[in-house]
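Shown next: model_35.txt, containing compact mmCIF, C-alpha atoms.
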# COMPACT_ATOMS: atom_id res chain seq x y z
CA MET A 7 19.24 -12.94 3.31
CA THR A 8 21.56 -13.50 0.39
CA GLY A 9 25.01 -12.25 -0.44
CA LEU A 10 23.88 -10.90 -3.78
CA GLN A 11 24.53 -7.25 -4.54
CA PRO A 12 21.31 -5.23 -4.15
CA PRO A 13 19.92 -3.91 -7.43
CA THR A 14 20.51 -0.26 -8.24
CA LEU A 15 17.49 1.77 -7.21
CA THR A 16 15.57 2.82 -10.33
CA GLY A 17 11.98 2.87 -9.10
CA ILE A 18 9.72 1.38 -6.44
CA ASP A 19 6.20 0.10 -6.89
CA THR A 20 4.74 0.30 -3.38
CA HIS A 21 1.48 -1.59 -3.91
CA ALA A 22 1.02 -5.01 -5.50
CA HIS A 23 -0.58 -8.31 -4.55
CA ILE A 24 0.36 -11.93 -5.14
CA PHE A 25 -1.84 -14.96 -4.58
CA ARG A 26 -3.00 -18.31 -5.88
CA GLN A 27 -6.64 -19.14 -6.32
CA ASP A 28 -6.18 -22.46 -4.51
CA LEU A 29 -4.92 -20.87 -1.28
CA PRO A 30 -7.17 -20.91 1.83
CA MET A 31 -9.43 -17.84 1.71
CA ALA A 32 -10.74 -15.72 4.58
CA ALA A 33 -14.30 -16.59 5.58
CA ASP A 34 -15.42 -12.93 5.51
CA ARG A 35 -13.89 -12.10 2.11
CA ARG A 36 -15.77 -9.91 -0.37
CA TYR A 37 -14.04 -11.38 -3.41
CA SER A 38 -12.36 -14.59 -4.55
CA PRO A 39 -9.87 -14.54 -7.44
CA ASN A 40 -10.24 -17.01 -10.30
CA TYR A 41 -6.61 -16.77 -11.43
CA ASP A 42 -3.09 -16.81 -10.00
CA ALA A 43 -0.84 -13.78 -9.55
CA GLN A 44 2.67 -15.08 -8.88
CA VAL A 45 5.69 -13.12 -7.69
CA GLU A 46 7.66 -14.04 -10.82
CA GLN A 47 4.96 -12.45 -12.97
CA TYR A 48 5.16 -9.33 -10.84
CA LEU A 49 8.94 -9.09 -11.11
CA LYS A 50 8.66 -9.31 -14.89
CA HIS A 51 6.39 -6.26 -14.82
CA LEU A 52 8.94 -4.40 -12.72
CA ASP A 53 11.78 -5.37 -15.05
CA ARG A 54 9.93 -4.42 -18.20
CA ASN A 55 9.14 -0.97 -16.80
CA GLY A 56 12.62 -0.29 -15.43
CA LEU A 57 11.61 -0.60 -11.78
CA SER A 58 14.04 -2.15 -9.34
CA HIS A 59 11.95 -2.79 -6.22
CA GLY A 60 8.43 -3.58 -5.10
CA VAL A 61 6.21 -3.84 -2.04
CA LEU A 62 3.81 -6.76 -1.65
CA ILE A 63 0.56 -6.03 0.15
CA GLN A 64 -1.28 -8.96 1.73
CA PRO A 65 -4.64 -9.22 -0.09
CA SER A 66 -7.64 -9.08 2.22
CA PHE A 67 -9.15 -12.31 0.87
CA LEU A 68 -6.19 -14.27 2.28
CA GLY A 69 -6.82 -12.91 5.77
CA THR A 70 -4.03 -13.13 8.33
CA ASP A 71 -2.26 -16.10 6.71
CA ASN A 72 0.71 -14.23 5.24
CA GLN A 73 2.80 -17.29 4.40
CA PHE A 74 2.47 -17.09 0.62
CA MET A 75 3.72 -13.50 0.68
CA LEU A 76 6.47 -14.31 3.20
CA ASP A 77 7.80 -17.07 0.95
CA ALA A 78 8.14 -14.59 -1.92
CA LEU A 79 9.84 -12.03 0.32
CA ARG A 80 12.37 -14.61 1.45
CA ARG A 81 13.15 -15.62 -2.13
CA TYR A 82 13.72 -12.04 -3.28
CA PRO A 83 14.98 -10.18 -0.18
CA GLN A 84 16.95 -7.60 -2.12
CA ARG A 85 14.00 -6.43 -4.23
CA LEU A 86 10.88 -6.79 -2.10
CA ARG A 87 9.30 -5.61 1.13
CA GLY A 88 5.90 -6.57 2.54
CA VAL A 89 2.87 -5.24 4.38
CA ALA A 90 0.96 -7.91 6.31
CA VAL A 91 -2.54 -8.39 7.67
CA VAL A 92 -2.45 -9.45 11.32
CA ASP A 93 -4.63 -10.11 14.34
CA ALA A 94 -4.52 -7.36 16.96
CA GLN A 95 -3.13 -9.79 19.51
CA ILE A 96 -0.26 -11.05 17.37
CA SER A 97 2.73 -12.09 19.47
CA GLU A 98 6.15 -10.47 19.44
CA ALA A 99 7.62 -13.72 18.10
CA GLN A 100 5.20 -13.61 15.17
CA LEU A 101 6.08 -9.98 14.49
CA ASP A 102 9.75 -10.96 14.58
CA GLU A 103 9.07 -13.62 11.95
CA LEU A 104 7.36 -11.08 9.72
CA ALA A 105 10.21 -8.61 10.16
CA GLU A 106 12.83 -11.25 9.35
CA ALA A 107 11.11 -11.88 6.03
CA GLY A 108 10.97 -8.19 5.12
CA VAL A 109 7.59 -7.01 6.41
CA VAL A 110 7.61 -3.34 7.43
CA GLY A 111 3.98 -2.70 8.30
CA ILE A 112 0.42 -3.92 8.59
CA ARG A 113 -2.66 -3.17 6.56
CA LEU A 114 -6.20 -2.35 7.62
CA ASN A 115 -8.47 -2.96 4.64
CA LEU A 116 -11.72 -1.51 5.90
CA ILE A 117 -13.73 -1.52 2.69
CA GLY A 118 -17.21 -2.87 3.34
CA LYS A 119 -16.55 -3.29 7.06
CA SER A 120 -18.00 -1.69 10.17
CA LEU A 121 -15.45 0.60 11.75
CA THR A 122 -13.55 -0.86 14.68
CA ASP A 123 -12.73 1.27 17.72
CA TYR A 124 -8.98 1.52 17.27
CA SER A 125 -8.69 3.54 20.47
CA GLY A 126 -9.29 0.36 22.49
CA PRO A 127 -6.44 -1.09 24.58
CA VAL A 128 -5.69 -4.12 22.38
CA TRP A 129 -5.27 -2.16 19.17
CA GLN A 130 -3.48 0.68 20.92
CA ALA A 131 -0.97 -1.78 22.35
CA LEU A 132 -0.35 -3.21 18.89
CA PHE A 133 0.14 0.19 17.27
CA LYS A 134 2.64 1.18 19.96
CA ARG A 135 4.55 -2.05 19.37
CA LEU A 136 4.61 -1.32 15.65
CA ALA A 137 5.79 2.24 16.29
CA SER A 138 8.71 0.91 18.35
CA ARG A 139 9.72 -1.16 15.31
CA GLY A 140 9.47 1.77 12.92
CA TRP A 141 6.62 0.10 11.06
CA GLN A 142 3.65 1.65 9.31
CA VAL A 143 -0.10 1.12 9.35
CA GLU A 144 -1.69 1.20 5.92
CA ILE A 145 -5.37 2.12 5.68
CA GLN A 146 -7.82 1.49 2.87
CA ARG A 147 -11.08 3.28 3.53
CA GLY A 148 -13.19 5.89 1.76
CA ILE A 149 -12.33 9.55 2.22
CA ASP A 150 -15.30 10.23 4.51
CA ASP A 151 -13.84 8.02 7.26
CA VAL A 152 -10.06 8.06 6.79
CA ALA A 153 -9.30 10.90 9.20
CA LEU A 154 -11.59 9.38 11.83
CA VAL A 155 -9.78 6.03 11.58
CA ALA A 156 -6.29 7.50 11.50
CA ALA A 157 -6.53 9.79 14.53
CA SER A 158 -6.22 7.15 17.27
CA ILE A 159 -3.59 5.26 15.28
CA LEU A 160 -1.36 8.31 14.86
CA ALA A 161 -1.65 8.96 18.59
CA CYS A 162 0.46 5.83 19.15
CA GLY A 163 3.42 7.31 17.27
CA VAL A 164 3.19 5.01 14.27
CA ARG A 165 3.36 6.12 10.64
CA VAL A 166 0.14 5.92 8.62
CA VAL A 167 -0.08 5.25 4.88
CA ILE A 168 -3.35 6.03 3.09
CA ASP A 169 -4.18 3.88 0.11
CA HIS A 170 -5.39 4.91 -3.31
CA PHE A 171 -5.57 8.72 -3.04
CA GLY A 172 -7.84 8.22 0.01
CA LEU A 173 -10.55 6.83 -2.29
CA PRO A 174 -12.10 10.25 -3.01
CA ASN A 175 -14.99 9.04 -5.16
CA GLY A 176 -16.25 12.19 -6.88
CA GLY A 177 -13.22 14.21 -5.82
CA ILE A 178 -12.42 16.23 -2.70
CA ASP A 179 -15.07 18.72 -1.64
CA VAL A 180 -13.57 21.17 0.86
CA GLN A 181 -17.09 22.13 1.96
CA LYS A 182 -17.54 18.69 3.50
CA PRO A 183 -16.13 18.46 7.04
CA SER A 184 -14.90 14.89 6.49
CA HIS A 185 -13.03 15.92 3.33
CA GLN A 186 -11.53 18.92 5.08
CA ALA A 187 -10.45 16.59 7.90
CA PHE A 188 -8.77 14.37 5.31
CA LEU A 189 -6.78 17.31 3.95
CA GLU A 190 -5.80 18.35 7.47
CA LEU A 191 -4.64 14.78 8.09
CA LEU A 192 -2.22 15.04 5.17
CA ALA A 193 -0.41 17.86 6.95
CA GLU A 194 0.72 15.39 9.64
CA GLU A 195 4.38 14.52 9.12
CA ARG A 196 3.76 10.82 9.81
CA VAL A 197 1.03 10.50 7.17
CA TRP A 198 1.87 9.23 3.66
CA LEU A 199 -0.39 9.01 0.61
CA LYS A 200 -0.33 6.48 -2.22
CA LEU A 201 -1.07 7.89 -5.67
CA SER A 202 -2.48 4.56 -6.75
CA ALA A 203 -5.56 2.87 -8.22
CA PRO A 204 -7.46 5.98 -9.37
CA TYR A 205 -9.96 3.63 -11.03
CA ARG A 206 -11.14 2.51 -7.59
CA SER A 207 -12.50 6.05 -7.18
CA HIS A 208 -13.73 6.11 -10.79
CA SER A 209 -11.22 8.89 -11.43
CA GLY A 210 -9.67 9.75 -14.75
CA LEU A 211 -6.52 11.79 -15.20
CA ALA A 212 -8.26 15.17 -14.91
CA GLU A 213 -9.93 14.38 -11.60
CA ALA A 214 -6.84 12.67 -10.21
CA SER A 215 -4.84 15.78 -11.11
CA ARG A 216 -7.27 17.94 -9.15
CA VAL A 217 -7.05 15.62 -6.14
CA LEU A 218 -3.26 15.63 -6.40
CA ALA A 219 -3.18 19.44 -6.43
CA GLN A 220 -5.34 19.58 -3.29
CA ALA A 221 -3.27 16.90 -1.57
CA ARG A 222 -0.02 18.61 -2.52
CA GLU A 223 -1.17 21.89 -1.01
CA ALA A 224 -2.42 20.17 2.15
CA SER A 225 0.80 18.18 2.56
CA GLY A 226 3.07 21.11 1.85
CA GLY A 227 4.71 19.31 -1.08
CA ILE A 228 5.14 15.78 -2.41
CA GLU A 229 7.72 14.47 0.09
CA ARG A 230 5.29 11.88 1.51
CA PHE A 231 3.65 10.72 -1.70
CA LEU A 232 4.15 7.21 -3.10
CA TRP A 233 3.11 5.30 -6.20
CA GLY A 234 1.75 1.79 -6.57
CA SER A 235 0.52 -0.22 -9.54
CA ASP A 236 -2.14 -2.10 -7.53
CA TRP A 237 -1.24 -5.11 -9.70
CA PRO A 238 -3.03 -7.31 -10.67
CA ASN A 239 -5.79 -4.70 -10.36
CA THR A 240 -8.29 -7.08 -8.81
CA GLN A 241 -11.89 -6.68 -9.97
CA PHE A 242 -10.67 -4.10 -12.53
CA GLU A 243 -8.59 -6.46 -14.69
CA ASP A 244 -10.73 -5.65 -17.74
CA HIS A 245 -10.25 -1.90 -17.27
CA THR A 246 -6.53 -1.49 -16.72
CA ASP A 247 -3.18 -3.27 -16.44
CA TYR A 248 0.36 -2.69 -15.24
CA ASP A 249 1.56 -0.72 -18.24
CA ARG A 250 -1.45 1.58 -18.14
CA GLN A 251 -0.84 2.34 -14.47
CA VAL A 252 2.76 3.24 -15.24
CA ALA A 253 1.55 5.49 -18.05
CA PHE A 254 -0.94 7.07 -15.65
CA ILE A 255 1.65 8.13 -13.09
CA GLU A 256 3.87 9.46 -15.87
CA ALA A 257 0.98 11.62 -17.05
CA LEU A 258 0.02 12.64 -13.52
CA LEU A 259 3.61 13.65 -12.70
CA PRO A 260 5.07 14.85 -16.01
CA ASP A 261 8.06 16.48 -14.30
CA ALA A 262 10.85 13.89 -14.24
CA GLY A 263 12.29 15.22 -11.00
CA GLU A 264 8.99 15.00 -9.15
CA ARG A 265 8.36 11.55 -10.57
CA ALA A 266 11.76 10.38 -9.35
CA GLN A 267 10.96 11.68 -5.89
CA VAL A 268 7.65 9.79 -5.73
CA LEU A 269 8.94 6.59 -7.34
CA MET A 270 12.37 6.49 -5.72
CA ASP A 271 13.33 8.89 -2.94
CA ASN A 272 10.13 8.82 -0.89
CA PRO A 273 9.48 5.05 -0.89
CA ALA A 274 13.16 4.21 -0.35
CA LYS A 275 12.96 6.19 2.89
CA LEU A 276 9.64 4.77 4.06
CA PHE A 277 10.20 1.12 3.19
CA GLY A 278 13.89 0.88 4.02
CA PHE A 279 15.23 0.01 0.61
CA GLY A 280 18.97 0.38 0.57
CA VAL A 281 19.13 -0.76 4.20
CA SER A 282 20.61 -4.26 4.49
CA ARG A 283 18.72 -6.89 6.44

Can you give me the file's structure in the form of structure tokens?
Amino acid sequence: MTGLQPPTLTGIDTHAHIFRQDLPMAADRRYSPNYDAQVEQYLKHLDRNGLSHGVLIQPSFLGTDNQFMLDALRRYPQRLRGVAVVDAQISEAQLDELAEAGVVGIRLNLIGKSLTDYSGPVWQALFKRLASRGWQVEIQRGIDDVALVAASILACGVRVVIDHFGLPNGGIDVQKPSHQAFLELLAEERVWLKLSAPYRSHSGLAEASRVLAQAREASGGIERFLWGSDWPNTQFEDHTDYDRQVAFIEALLPDAGERAQVLMDNPAKLFGFGVSR
């Protein structure tokens, strides 16, 4: 914690990653970066685009070793929050350490993985502990499985954040039961949706706009929608960059008032920006 005056809230990027290629990597990783993505580089992107705050998401290839992210959070406590990757049996002391650094949730990156039974006692105990802290559980999984994964997590009283539009590759087909279940999930008041990384669903602006319209109707508005750059756009670095993701959300939400809600009001509430720590 520093005595510096917090920056004026002008916009929040809720999804970015930092790492170094020489850091220890998780044994079960699907991908290894061949470059560094440092927090100072990230802050320059925020500054250039008039954004005041950001949220660092622990990349899956670093596993449960969150120290690199925690160091950045401690150096920039007024501007950054974090979402960690943890073991289900993490201790309260370890959770306290994460919280002290500015972590406000955990992430389940389930891409390419067999689904775990999150209704089991160990995971349920963790989710209840997170709920008591006011934390969130962030899920990255394709649209066909998201509602199935989220159900037992929501039952613990914790907030759930769905990554990347729910990864609706090919769009949302209301005739599919799993897609309909996804839309019904969005009606839950503790479920939030990130309008981020449309390229991970191979979606252009037109398809993303259709998905947004369906999600807006299902959610009853945009009060629980967020935006994230997904910087440095791992495995898609040749297809997009920070500035293009900013341009994308501006095109997706052309109304300045709605854009301010998604980039400022909603994430400030969820991630606790403006609350001293």

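For the residues A:Ala107, A:Ala43, A:Ala22, A:Val92, ranking by smallest atom-to-atom distance to Gly60 of chain A using only C-alpha atoms places A:Ala22 first.
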
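Compared by their closest atoms to Lys134 of chain A, and using only C-alpha atoms, the residues A:Ser158, A:Pro204, A:Glu223, A:Glu229 rank with A:Ser158 nearest.
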
If we count all atoms listed in the file, what is near Gly126 of chain A at a cut-off of 12 Å, once residues fewer than 4 positions away on the same chain are taken out, given as a PyMOL selection string? chain A and resi 94+122+130-133+158-159+162

Identify, on the basis of only C-alpha atoms, every residue whose closest approach to Val110 of chain A does not exceed 10 Å; exclude the query and any residue fewer than 5 positions from it along the same chain; express the result as a short mmCIF file (atom, residue, chain, number, x, y, z; two decimals) with C-alpha atoms, in the coordinates of the input.
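So around18.cif came out as:
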data_model
loop_
_atom_site.label_atom_id
_atom_site.label_comp_id
_atom_site.auth_asym_id
_atom_site.auth_seq_id
_atom_site.Cartn_x
_atom_site.Cartn_y
_atom_site.Cartn_z
CA VAL A 61 6.21 -3.84 -2.04
CA ARG A 87 9.30 -5.61 1.13
CA GLY A 88 5.90 -6.57 2.54
CA VAL A 89 2.87 -5.24 4.38
CA ALA A 90 0.96 -7.91 6.31
CA LEU A 101 6.08 -9.98 14.49
CA LEU A 104 7.36 -11.08 9.72
CA ALA A 105 10.21 -8.61 10.16
CA LEU A 136 4.61 -1.32 15.65
CA ARG A 139 9.72 -1.16 15.31
CA GLY A 140 9.47 1.77 12.92
CA TRP A 141 6.62 0.10 11.06
CA GLN A 142 3.65 1.65 9.31
CA VAL A 143 -0.10 1.12 9.35
CA LEU A 276 9.64 4.77 4.06
CA PHE A 277 10.20 1.12 3.19
CA GLY A 278 13.89 0.88 4.02
#

Which residues are near segment 206-222 of chain A? Cut-off 8 Å, all atoms listed in the file, ignore same chain within fewer than 4 positions. Put them as a list in words. His170, Phe171, Leu173, Pro174, Asn175, Gly176, Gly177, Ile178, Leu189, Leu192, Gly226, Gly227, Ile228, Phe254, Ala257 and Leu258 of chain A

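In this model, the gap between atom CA of Gln44 of chain A and atom CA of Ser202 of chain A comes to 20.4 Å.
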
Between atom CA of Gln146 of chain A and atom CA of Asp53 of chain A, measure the distance and give it in Å to one decimal. 27.4 Å

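Proximity ranking of A:Asp169, A:Glu106, A:Ser97, A:Tyr48 relative to Arg80 of chain A places A:Glu106 first, based on all atoms listed in the file.
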
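For the atom pair formed by atom CA of Arg250 of chain A and atom CA of Ser235 of chain A, the distance is 9.0 Å, given to one decimal.
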
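Non-sequential neighbours of Asn272 of chain A (distance at most 8 Å, separation of 3 or more positions within a chain, all atoms listed in the file) are A:Glu229, A:Arg230, A:Phe231, A:Leu232, A:Gln267, A:Val268, A:Leu269, A:Lys275, A:Leu276.
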
As JSON, numbers by chain, please: the residues near Gly17 of chain A (cut-off 6 Å, only C-alpha atoms, same-chain neighbours under 6 positions excluded). {"A": [57, 58, 269, 270]}

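Each of A:Pro13, A:Gly148, A:Gly69, A:Pro83 was compared to Gly56 of chain A using all atoms listed in the file, and A:Pro13 turns out to be the nearest.
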
Mind working out the centre and edge lengths of an axis-aligned box for segment 35-52 of chain A, all listed atoms inside, 5 Å added to each side, rounded to one decimal in Å and written as lines of an AutoDock Vina configuration file?
center_x = -3.4
center_y = -10.7
center_z = -6.4
size_x = 34.7
size_y = 22.6
size_z = 27.0

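Nearest to Lys200 of chain A of all the residues A:Ile168, A:Asp151, A:Val180, A:Leu68 is A:Ile168, based on only C-alpha atoms.
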
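Checking A:Arg35, A:Arg85, A:Lys50, A:His23 one by one against Gln64 of chain A, counting only C-alpha atoms, you find the shortest gap at A:His23.
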